[in-house]
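Novice: What follows is the file upload.cif, containing mmCIF, C-alpha atoms:
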```
data_entry
#
loop_
_atom_site.group_PDB
_atom_site.id
_atom_site.type_symbol
_atom_site.label_atom_id
_atom_site.label_comp_id
_atom_site.auth_asym_id
_atom_site.auth_seq_id
_atom_site.Cartn_x
_atom_site.Cartn_y
_atom_site.Cartn_z
ATOM 1 C CA MET A 255 9.798 4.315 7.095
ATOM 2 C CA ARG A 256 9.658 0.554 6.814
ATOM 3 C CA GLU A 257 7.232 -1.025 4.378
ATOM 4 C CA SER A 258 5.745 -3.035 7.251
ATOM 5 C CA MET A 259 4.733 0.219 8.955
ATOM 6 C CA TYR A 260 2.652 1.115 5.897
ATOM 7 C CA ASP A 261 1.018 -2.314 6.067
ATOM 8 C CA GLU A 262 0.234 -1.806 9.762
ATOM 9 C CA LEU A 263 -1.284 1.623 9.135
ATOM 10 C CA ALA A 264 -3.350 0.286 6.232
ATOM 11 C CA LEU A 265 -4.548 -2.601 8.409
ATOM 12 C CA GLU A 266 -5.540 -0.246 11.247
ATOM 13 C CA ARG A 267 -7.417 1.984 8.793
ATOM 14 C CA THR A 268 -9.226 -0.954 7.161
ATOM 15 C CA ILE A 269 -10.294 -2.360 10.532
ATOM 16 C CA ARG A 270 -11.518 1.061 11.650
ATOM 17 C CA GLN A 271 -13.572 1.492 8.450
ATOM 18 C CA ARG A 272 -14.968 -2.046 8.124
ATOM 19 C CA PHE A 273 -15.446 -3.054 11.759
ATOM 20 C CA GLY A 274 -15.627 0.259 13.656
ATOM 21 C CA ILE A 275 -12.905 -0.742 16.118
ATOM 22 C CA ASP A 276 -9.986 1.523 16.905
ATOM 23 C CA ILE A 277 -6.994 -0.835 17.053
ATOM 24 C CA ASP A 278 -3.328 0.031 17.461
ATOM 25 C CA VAL A 279 -1.104 -2.702 16.055
ATOM 26 C CA ARG A 280 1.851 -3.290 18.349
ATOM 27 C CA GLN A 281 3.412 -6.347 16.738
ATOM 28 C CA VAL A 282 2.622 -8.305 13.589
ATOM 29 C CA ILE A 283 3.149 -12.006 14.285
ATOM 30 C CA ALA A 284 2.494 -13.313 10.758
ATOM 31 C CA SER A 285 1.857 -11.060 7.783
ATOM 32 C CA HIS A 286 -0.069 -12.044 4.661
ATOM 33 C CA ILE A 287 0.182 -15.803 5.153
ATOM 34 C CA ARG A 288 -1.822 -17.975 2.766
ATOM 35 C CA VAL A 289 -4.788 -19.684 4.427
ATOM 36 C CA SER A 290 -6.467 -21.017 1.268
ATOM 37 C CA HIS A 291 -6.068 -20.825 -2.481
ATOM 38 C CA VAL A 292 -7.643 -17.349 -2.510
ATOM 39 C CA ALA A 293 -7.331 -16.006 1.063
ATOM 40 C CA GLU A 294 -4.565 -14.632 3.250
ATOM 41 C CA ALA A 295 -4.375 -13.730 6.918
ATOM 42 C CA THR A 296 -2.446 -11.347 9.130
ATOM 43 C CA LEU A 297 -2.087 -12.175 12.818
ATOM 44 C CA PHE A 298 -1.144 -9.366 15.183
ATOM 45 C CA LEU A 299 -1.045 -8.166 18.782
ATOM 46 C CA THR A 300 -2.503 -4.817 19.818
ATOM 47 C CA THR A 301 -1.003 -2.369 22.293
ATOM 48 C CA ASN A 302 -3.253 -3.778 25.059
ATOM 49 C CA LYS A 303 -2.019 -7.331 24.235
ATOM 50 C CA GLN A 304 -5.116 -8.607 22.443
ATOM 51 C CA PHE A 305 -4.476 -11.122 19.672
ATOM 52 C CA PHE A 306 -6.345 -10.750 16.357
ATOM 53 C CA MET A 307 -6.453 -12.386 12.952
ATOM 54 C CA TYR A 308 -7.539 -10.435 9.874
ATOM 55 C CA VAL A 309 -8.547 -12.562 6.879
ATOM 56 C CA SER A 310 -9.199 -11.238 3.384
ATOM 57 C CA ALA A 311 -9.891 -13.124 0.175
ATOM 58 C CA GLU A 312 -10.183 -12.517 -3.529
ATOM 59 C CA SER A 313 -13.537 -14.329 -3.619
ATOM 60 C CA HIS A 314 -16.482 -14.834 -1.284
ATOM 61 C CA LEU A 315 -15.962 -16.207 2.212
ATOM 62 C CA LEU A 316 -18.655 -17.386 4.593
ATOM 63 C CA LEU A 317 -18.479 -17.468 8.386
ATOM 64 C CA GLY A 318 -18.201 -21.261 8.126
ATOM 65 C CA ASP A 319 -15.163 -20.912 5.856
ATOM 66 C CA VAL A 320 -13.525 -18.501 8.295
ATOM 67 C CA LYS A 321 -14.192 -20.851 11.229
ATOM 68 C CA LYS A 322 -12.502 -23.685 9.341
ATOM 69 C CA ILE A 323 -9.538 -21.428 8.499
ATOM 70 C CA VAL A 324 -9.188 -20.456 12.169
ATOM 71 C CA SER A 325 -9.022 -24.084 13.261
ATOM 72 C CA LYS A 326 -6.557 -25.067 10.503
ATOM 73 C CA VAL A 327 -4.231 -22.132 11.303
ATOM 74 C CA GLY A 328 -3.888 -23.532 14.828
ATOM 75 C CA VAL A 329 -5.582 -20.832 16.896
ATOM 76 C CA LYS A 330 -8.782 -20.645 18.929
ATOM 77 C CA ALA A 331 -11.317 -17.916 18.309
ATOM 78 C CA GLU A 332 -12.840 -15.954 21.136
ATOM 79 C CA LEU A 333 -15.001 -13.570 19.092
ATOM 80 C CA TYR A 334 -15.900 -13.118 15.426
ATOM 81 C CA ILE A 335 -16.228 -9.351 15.016
ATOM 82 C CA PRO A 336 -19.323 -8.366 12.969
ATOM 83 C CA PRO A 337 -19.173 -5.577 10.363
ATOM 84 C CA LYS A 338 -19.461 -1.976 11.527
ATOM 85 C CA GLY A 339 -23.012 -0.920 12.335
ATOM 86 C CA HIS A 340 -24.404 -4.485 12.409
ATOM 87 C CA PRO A 341 -23.923 -5.884 15.930
ATOM 88 C CA HIS A 342 -26.329 -8.804 15.254
ATOM 89 C CA TYR A 343 -25.083 -9.440 11.714
ATOM 90 C CA PHE A 344 -24.595 -13.217 11.979
ATOM 91 C CA ASP A 345 -27.904 -13.763 13.792
ATOM 92 C CA ASP A 346 -29.849 -11.627 11.307
ATOM 93 C CA ILE A 347 -28.390 -13.453 8.301
ATOM 94 C CA GLY A 348 -28.948 -16.810 10.027
ATOM 95 C CA LYS A 349 -32.607 -16.018 10.727
ATOM 96 C CA ALA A 350 -33.173 -14.841 7.150
ATOM 97 C CA LYS A 351 -31.624 -18.030 5.734
ATOM 98 C CA PHE A 352 -33.634 -20.149 8.191
ATOM 99 C CA ARG A 353 -36.883 -18.448 7.111
ATOM 100 C CA VAL A 354 -36.132 -19.250 3.461
ATOM 101 C CA VAL A 355 -35.819 -22.951 4.303
ATOM 102 C CA PHE A 356 -38.650 -23.038 6.880
ATOM 103 C CA PRO A 357 -41.109 -20.258 5.921
ATOM 104 C CA GLY A 358 -43.849 -21.452 8.315
ATOM 105 C CA ARG A 359 -41.786 -21.312 11.513
ATOM 106 C CA SER A 360 -42.377 -18.262 13.674
ATOM 107 C CA ASN A 361 -40.518 -18.976 16.926
ATOM 108 C CA ILE A 362 -36.856 -19.177 15.929
ATOM 109 C CA SER A 363 -34.381 -19.982 18.685
ATOM 110 C CA ASP A 364 -30.603 -19.600 18.753
ATOM 111 C CA GLU A 365 -30.251 -23.374 18.465
ATOM 112 C CA ASP A 366 -32.303 -23.332 15.244
ATOM 113 C CA ILE A 367 -29.954 -20.932 13.481
ATOM 114 C CA ILE A 368 -26.574 -22.346 14.571
ATOM 115 C CA PHE A 369 -25.922 -23.787 11.105
ATOM 116 C CA TYR A 370 -27.539 -20.917 9.192
ATOM 117 C CA ARG A 371 -25.248 -18.377 10.905
ATOM 118 C CA THR A 372 -22.300 -20.044 9.199
ATOM 119 C CA LEU A 373 -23.805 -19.123 5.809
ATOM 120 C CA ALA A 374 -23.321 -15.375 6.430
ATOM 121 C CA PRO A 375 -20.920 -13.671 3.980
ATOM 122 C CA TYR A 376 -17.787 -12.644 5.895
ATOM 123 C CA ASN A 377 -15.049 -11.080 3.785
ATOM 124 C CA PRO A 378 -12.947 -9.451 5.169
ATOM 125 C CA ALA A 379 -13.036 -11.138 8.556
ATOM 126 C CA LEU A 380 -11.669 -10.004 11.919
ATOM 127 C CA ILE A 381 -11.349 -12.553 14.688
ATOM 128 C CA GLN A 382 -10.255 -11.953 18.265
ATOM 129 C CA LEU A 383 -8.222 -14.971 19.325
ATOM 130 C CA SER A 384 -7.943 -16.559 22.742
ATOM 131 C CA SER A 385 -4.941 -18.845 22.251
ATOM 132 C CA VAL A 386 -2.522 -20.614 19.942
ATOM 133 C CA THR A 387 -3.297 -24.313 20.345
ATOM 134 C CA ASP A 388 0.145 -25.938 20.105
ATOM 135 C CA GLY A 389 2.566 -23.015 19.914
ATOM 136 C CA THR A 390 2.675 -23.001 16.107
ATOM 137 C CA ILE A 391 0.765 -20.943 13.564
ATOM 138 C CA TYR A 392 0.249 -22.781 10.292
ATOM 139 C CA GLN A 393 -0.167 -21.572 6.721
ATOM 140 C CA PHE A 394 -1.748 -23.210 3.686
ATOM 141 C CA ASP A 395 0.626 -25.159 1.449
ATOM 142 C CA THR A 396 -0.523 -27.429 -1.365
ATOM 143 C CA ASP A 397 2.820 -29.273 -1.376
ATOM 144 C CA ALA A 398 2.615 -30.341 2.280
ATOM 145 C CA SER A 399 1.094 -33.756 2.983
ATOM 146 C CA SER A 400 -1.554 -32.299 5.312
ATOM 147 C CA GLY A 401 -2.050 -29.162 3.214
ATOM 148 C CA TRP A 402 -0.650 -26.998 6.028
ATOM 149 C CA ARG A 403 2.909 -26.202 7.118
ATOM 150 C CA PRO A 404 4.309 -24.256 10.080
ATOM 151 C CA ALA A 405 4.626 -20.533 9.449
ATOM 152 C CA VAL A 406 5.604 -19.092 12.852
ATOM 153 C CA LYS A 407 6.308 -20.397 16.338
ATOM 154 C CA PHE A 408 4.315 -18.276 18.757
ATOM 155 C CA ALA A 409 2.819 -18.873 22.206
ATOM 156 C CA TYR A 410 -0.241 -16.956 23.364
ATOM 157 C CA ARG A 411 -3.013 -17.647 25.832
ATOM 158 C CA ARG A 412 -5.460 -15.061 27.073
ATOM 159 C CA LEU A 413 -6.191 -15.381 30.769
ATOM 160 C CA LYS A 414 -9.667 -14.377 31.835
ATOM 161 C CA THR A 415 -9.749 -11.960 34.748
ATOM 162 C CA SER A 416 -12.714 -10.703 36.696
#
```
Give the structure from this file in structure tokens form.
Specialist:
Amino acid sequence: MRESMYDELALERTIRQRFGIDIDVRQVIASHIRVSHVAEATLFLTTNKQFFMYVSAESHLLLGDVKKIVSKVGVKAELYIPPKGHPHYFDDIGKAKFRVVFPGRSNISDEDIIFYRTLAPYNPALIQLSSVTDGTIYQFDTDASSGWRPAVKFAYRRLKTS
């Protein structure tokens, strides 16, 4: 068996345990690419042609950090998958953080917690992607002038159907 098959099986198992989603990896597009000094990402397609990015780090990551990583890698997020058993994870954390800052407010709207959602701890992270912005997936590189260099050429765009 190839070593990459073990990585795929480990990834499927981790996603099943952490996020409660049964995913079958069909093709790994980019494996263990650096996306920061302490984080790495794996981008893959499933058997039903959905595109995902799995990010793990050696230290803490927040949802805001993951959103910045997604934009720098050159992909667009469709859905940030919450941890298993917590479907309103980001909203709950956002409301709790908002209440700490504004303890007297009782009517909290979604607009009020937009920023506070980004303060939710999110390591590891699983993101369902909708497209690759310019046909290139980038990885973190301290030697590059922009801090990012091309890792893989890949074209993907999810078409919405009714």
Novice: Identify, on the basis of only C-alpha atoms, every residue whose closest approach to A:Ala409 does not exceed 9 Å; exclude the query and any residue fewer than 2 positions from it along the same chain; express the result as a PDB file with C-alpha atoms, keeping the file's coordinate frame.
Specialist:
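Output file result.pdb is given in full below:
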```
ATOM      1  CA  SER A 385      -4.941 -18.845  22.251  1.00  0.00           C
ATOM      2  CA  VAL A 386      -2.522 -20.614  19.942  1.00  0.00           C
ATOM      3  CA  THR A 387      -3.297 -24.313  20.345  1.00  0.00           C
ATOM      4  CA  ASP A 388       0.145 -25.938  20.105  1.00  0.00           C
ATOM      5  CA  GLY A 389       2.566 -23.015  19.914  1.00  0.00           C
ATOM      6  CA  THR A 390       2.675 -23.001  16.107  1.00  0.00           C
ATOM      7  CA  LYS A 407       6.308 -20.397  16.338  1.00  0.00           C
ATOM      8  CA  ARG A 411      -3.013 -17.647  25.832  1.00  0.00           C
TER       9      ARG A 411
END
```
Novice: I need the output of the PyMOL selection byres ((chain A and resi 295) around 8) for this file as a short mmCIF file (atom, residue, chain, number, x, y, z; two decimals) with C-alpha atoms, keeping the file's coordinate frame; which residues are they?
Specialist:
```cif
data_model
loop_
_atom_site.label_atom_id
_atom_site.label_comp_id
_atom_site.auth_asym_id
_atom_site.auth_seq_id
_atom_site.Cartn_x
_atom_site.Cartn_y
_atom_site.Cartn_z
CA ALA A 284 2.49 -13.31 10.76
CA SER A 285 1.86 -11.06 7.78
CA HIS A 286 -0.07 -12.04 4.66
CA ILE A 287 0.18 -15.80 5.15
CA ARG A 288 -1.82 -17.98 2.77
CA VAL A 289 -4.79 -19.68 4.43
CA ALA A 293 -7.33 -16.01 1.06
CA GLU A 294 -4.57 -14.63 3.25
CA THR A 296 -2.45 -11.35 9.13
CA LEU A 297 -2.09 -12.18 12.82
CA MET A 307 -6.45 -12.39 12.95
CA TYR A 308 -7.54 -10.44 9.87
CA VAL A 309 -8.55 -12.56 6.88
CA SER A 310 -9.20 -11.24 3.38
#
```
Novice: Which residue out of A:His314, A:His340, A:Lys330, A:Lys322 has the minimum interatomic distance to A:Phe273 when all atoms listed in the file are used?
Specialist: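 Closest to A:Phe273, using all atoms listed in the file: A:His340.
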Novice: Hey, could you make a per-residue contact list for stretch 374-402 of chain A against stretch 335-339 of chain A with 12 Å as the cut-off, showing the nearest pair of atoms and its distance in Å to one decimal, counting only C-alpha atoms, sorted by chain and number, as a tab-separated table?
Specialist:
```
residue	atom	partner	partner_atom	distance
A:Ala374	CA	A:Pro336	CA	10.4
A:Pro375	CA	A:Pro337	CA	10.5
A:Tyr376	CA	A:Pro336	CA	8.4
A:Asn377	CA	A:Pro337	CA	9.5
A:Pro378	CA	A:Pro337	CA	9.0
A:Ala379	CA	A:Ile335	CA	7.4
A:Leu380	CA	A:Ile335	CA	5.5
A:Ile381	CA	A:Ile335	CA	5.8
A:Gln382	CA	A:Ile335	CA	7.3
A:Leu383	CA	A:Ile335	CA	10.7
```
Novice: Find the spatial neighbours of A:Asp276, counting only C-alpha atoms, within a cut-off of 9 Å - ignore same-chain residues fewer than 3 positions away - and output them as number ranges by chain.
Specialist: A: 266-267, 269-270, 273
Novice: When you count all atoms listed in the file, which of these residues is closest to A:Trp402: A:Gln271, A:Gln281, A:Ser325, A:Gln304?
Specialist: A:Ser325
Novice: Set the distance at 9 Å and use only C-alpha atoms: which residues neighbour A:Glu262 once local chain neighbours fewer than 5 positions away are removed? I'd like the list as a short mmCIF file (atom, residue, chain, number, x, y, z; two decimals) with C-alpha atoms, in the coordinates of the input.
Specialist:
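Result file follows (out-v5.cif):
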```cif
data_model
loop_
_atom_site.label_atom_id
_atom_site.label_comp_id
_atom_site.auth_asym_id
_atom_site.auth_seq_id
_atom_site.Cartn_x
_atom_site.Cartn_y
_atom_site.Cartn_z
CA GLU A 257 7.23 -1.02 4.38
CA ARG A 267 -7.42 1.98 8.79
CA ASP A 278 -3.33 0.03 17.46
CA VAL A 279 -1.10 -2.70 16.06
CA ARG A 280 1.85 -3.29 18.35
CA GLN A 281 3.41 -6.35 16.74
CA VAL A 282 2.62 -8.30 13.59
#
```
Novice: Under the PyMOL selection byres ((chain A and resi 352-355) around 10), which residues of this model are included? Write them out as an NGL selection string.
Specialist: :A and (346-351 or 356-360 or 362 or 366-371)
Novice: Please determine, counting all atoms listed in the file, which residue among A:Leu265, A:Met259, A:Leu333, A:Ile283 has the shortest atom-to-atom distance to A:Val320.
Specialist: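 Closest to A:Val320 of all the choices is A:Leu333.
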Novice: Of the candidates A:Lys326, A:Leu316, A:Leu373, A:Glu332, which one gets nearest to A:Pro404 if we count all atoms listed in the file?
Specialist: A:Lys326
Novice: Atom CA of A:Ser384 and atom CA of A:Asp345, how far apart in Å?
Specialist: 22.1 Å
Novice: Rounded to one decimal in Å, what is the spacing between atom CA of A:Phe394 and atom CA of A:Tyr334?
Specialist: 21.0 Å
Novice: Just the number, please: distance in Å from atom CA of A:Ile323 to atom CA of A:Tyr392, one decimal.
Specialist: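 Computing the Euclidean distance for atom CA of A:Ile323 and atom CA of A:Tyr392 yields 10.0 Å.
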Novice: Could you add N, CA and C atoms to stretch 291-307 of chain A and give me the result as a PDB file, keeping the file's coordinate frame?
Specialist:
```pdb
ATOM      1  N   HIS A 291      -6.525 -21.167  -1.138  1.00  0.00           N
ATOM      2  CA  HIS A 291      -6.068 -20.825  -2.481  1.00  0.00           C
ATOM      3  C   HIS A 291      -6.276 -19.342  -2.786  1.00  0.00           C
ATOM      4  N   VAL A 292      -7.295 -18.731  -2.173  1.00  0.00           N
ATOM      5  CA  VAL A 292      -7.643 -17.349  -2.510  1.00  0.00           C
ATOM      6  C   VAL A 292      -7.594 -16.385  -1.328  1.00  0.00           C
ATOM      7  N   ALA A 293      -7.283 -16.863  -0.123  1.00  0.00           N
ATOM      8  CA  ALA A 293      -7.331 -16.006   1.063  1.00  0.00           C
ATOM      9  C   ALA A 293      -5.977 -15.934   1.750  1.00  0.00           C
ATOM     10  N   GLU A 294      -5.767 -14.803   2.438  1.00  0.00           N
ATOM     11  CA  GLU A 294      -4.565 -14.632   3.250  1.00  0.00           C
ATOM     12  C   GLU A 294      -4.951 -13.998   4.574  1.00  0.00           C
ATOM     13  N   ALA A 295      -4.088 -14.208   5.569  1.00  0.00           N
ATOM     14  CA  ALA A 295      -4.375 -13.730   6.918  1.00  0.00           C
ATOM     15  C   ALA A 295      -3.172 -12.993   7.480  1.00  0.00           C
ATOM     16  N   THR A 296      -3.465 -12.046   8.362  1.00  0.00           N
ATOM     17  CA  THR A 296      -2.446 -11.347   9.130  1.00  0.00           C
ATOM     18  C   THR A 296      -2.812 -11.507  10.595  1.00  0.00           C
ATOM     19  N   LEU A 297      -1.874 -12.002  11.389  1.00  0.00           N
ATOM     20  CA  LEU A 297      -2.087 -12.175  12.818  1.00  0.00           C
ATOM     21  C   LEU A 297      -1.246 -11.138  13.545  1.00  0.00           C
ATOM     22  N   PHE A 298      -1.848 -10.456  14.517  1.00  0.00           N
ATOM     23  CA  PHE A 298      -1.144  -9.366  15.183  1.00  0.00           C
ATOM     24  C   PHE A 298      -1.617  -9.191  16.615  1.00  0.00           C
ATOM     25  N   LEU A 299      -0.745  -8.560  17.410  1.00  0.00           N
ATOM     26  CA  LEU A 299      -1.045  -8.166  18.782  1.00  0.00           C
ATOM     27  C   LEU A 299      -1.301  -6.668  18.808  1.00  0.00           C
ATOM     28  N   THR A 300      -2.237  -6.245  19.656  1.00  0.00           N
ATOM     29  CA  THR A 300      -2.503  -4.817  19.818  1.00  0.00           C
ATOM     30  C   THR A 300      -1.688  -4.282  20.991  1.00  0.00           C
ATOM     31  N   THR A 301      -1.753  -2.978  21.195  1.00  0.00           N
ATOM     32  CA  THR A 301      -1.003  -2.369  22.293  1.00  0.00           C
ATOM     33  C   THR A 301      -1.490  -2.840  23.658  1.00  0.00           C
ATOM     34  N   ASN A 302      -2.773  -3.241  23.782  1.00  0.00           N
ATOM     35  CA  ASN A 302      -3.253  -3.778  25.059  1.00  0.00           C
ATOM     36  C   ASN A 302      -3.243  -5.311  25.059  1.00  0.00           C
ATOM     37  N   LYS A 303      -2.343  -5.902  24.252  1.00  0.00           N
ATOM     38  CA  LYS A 303      -2.019  -7.331  24.235  1.00  0.00           C
ATOM     39  C   LYS A 303      -3.189  -8.238  23.866  1.00  0.00           C
ATOM     40  N   GLN A 304      -4.076  -7.754  23.004  1.00  0.00           N
ATOM     41  CA  GLN A 304      -5.116  -8.607  22.443  1.00  0.00           C
ATOM     42  C   GLN A 304      -4.588  -9.182  21.136  1.00  0.00           C
ATOM     43  N   PHE A 305      -4.972 -10.396  20.837  1.00  0.00           N
ATOM     44  CA  PHE A 305      -4.476 -11.122  19.672  1.00  0.00           C
ATOM     45  C   PHE A 305      -5.597 -11.230  18.644  1.00  0.00           C
ATOM     46  N   PHE A 306      -5.340 -10.771  17.413  1.00  0.00           N
ATOM     47  CA  PHE A 306      -6.345 -10.750  16.357  1.00  0.00           C
ATOM     48  C   PHE A 306      -5.822 -11.424  15.099  1.00  0.00           C
ATOM     49  N   MET A 307      -6.763 -11.886  14.283  1.00  0.00           N
ATOM     50  CA  MET A 307      -6.453 -12.386  12.952  1.00  0.00           C
ATOM     51  C   MET A 307      -7.387 -11.684  11.967  1.00  0.00           C
TER      52      MET A 307
END
```
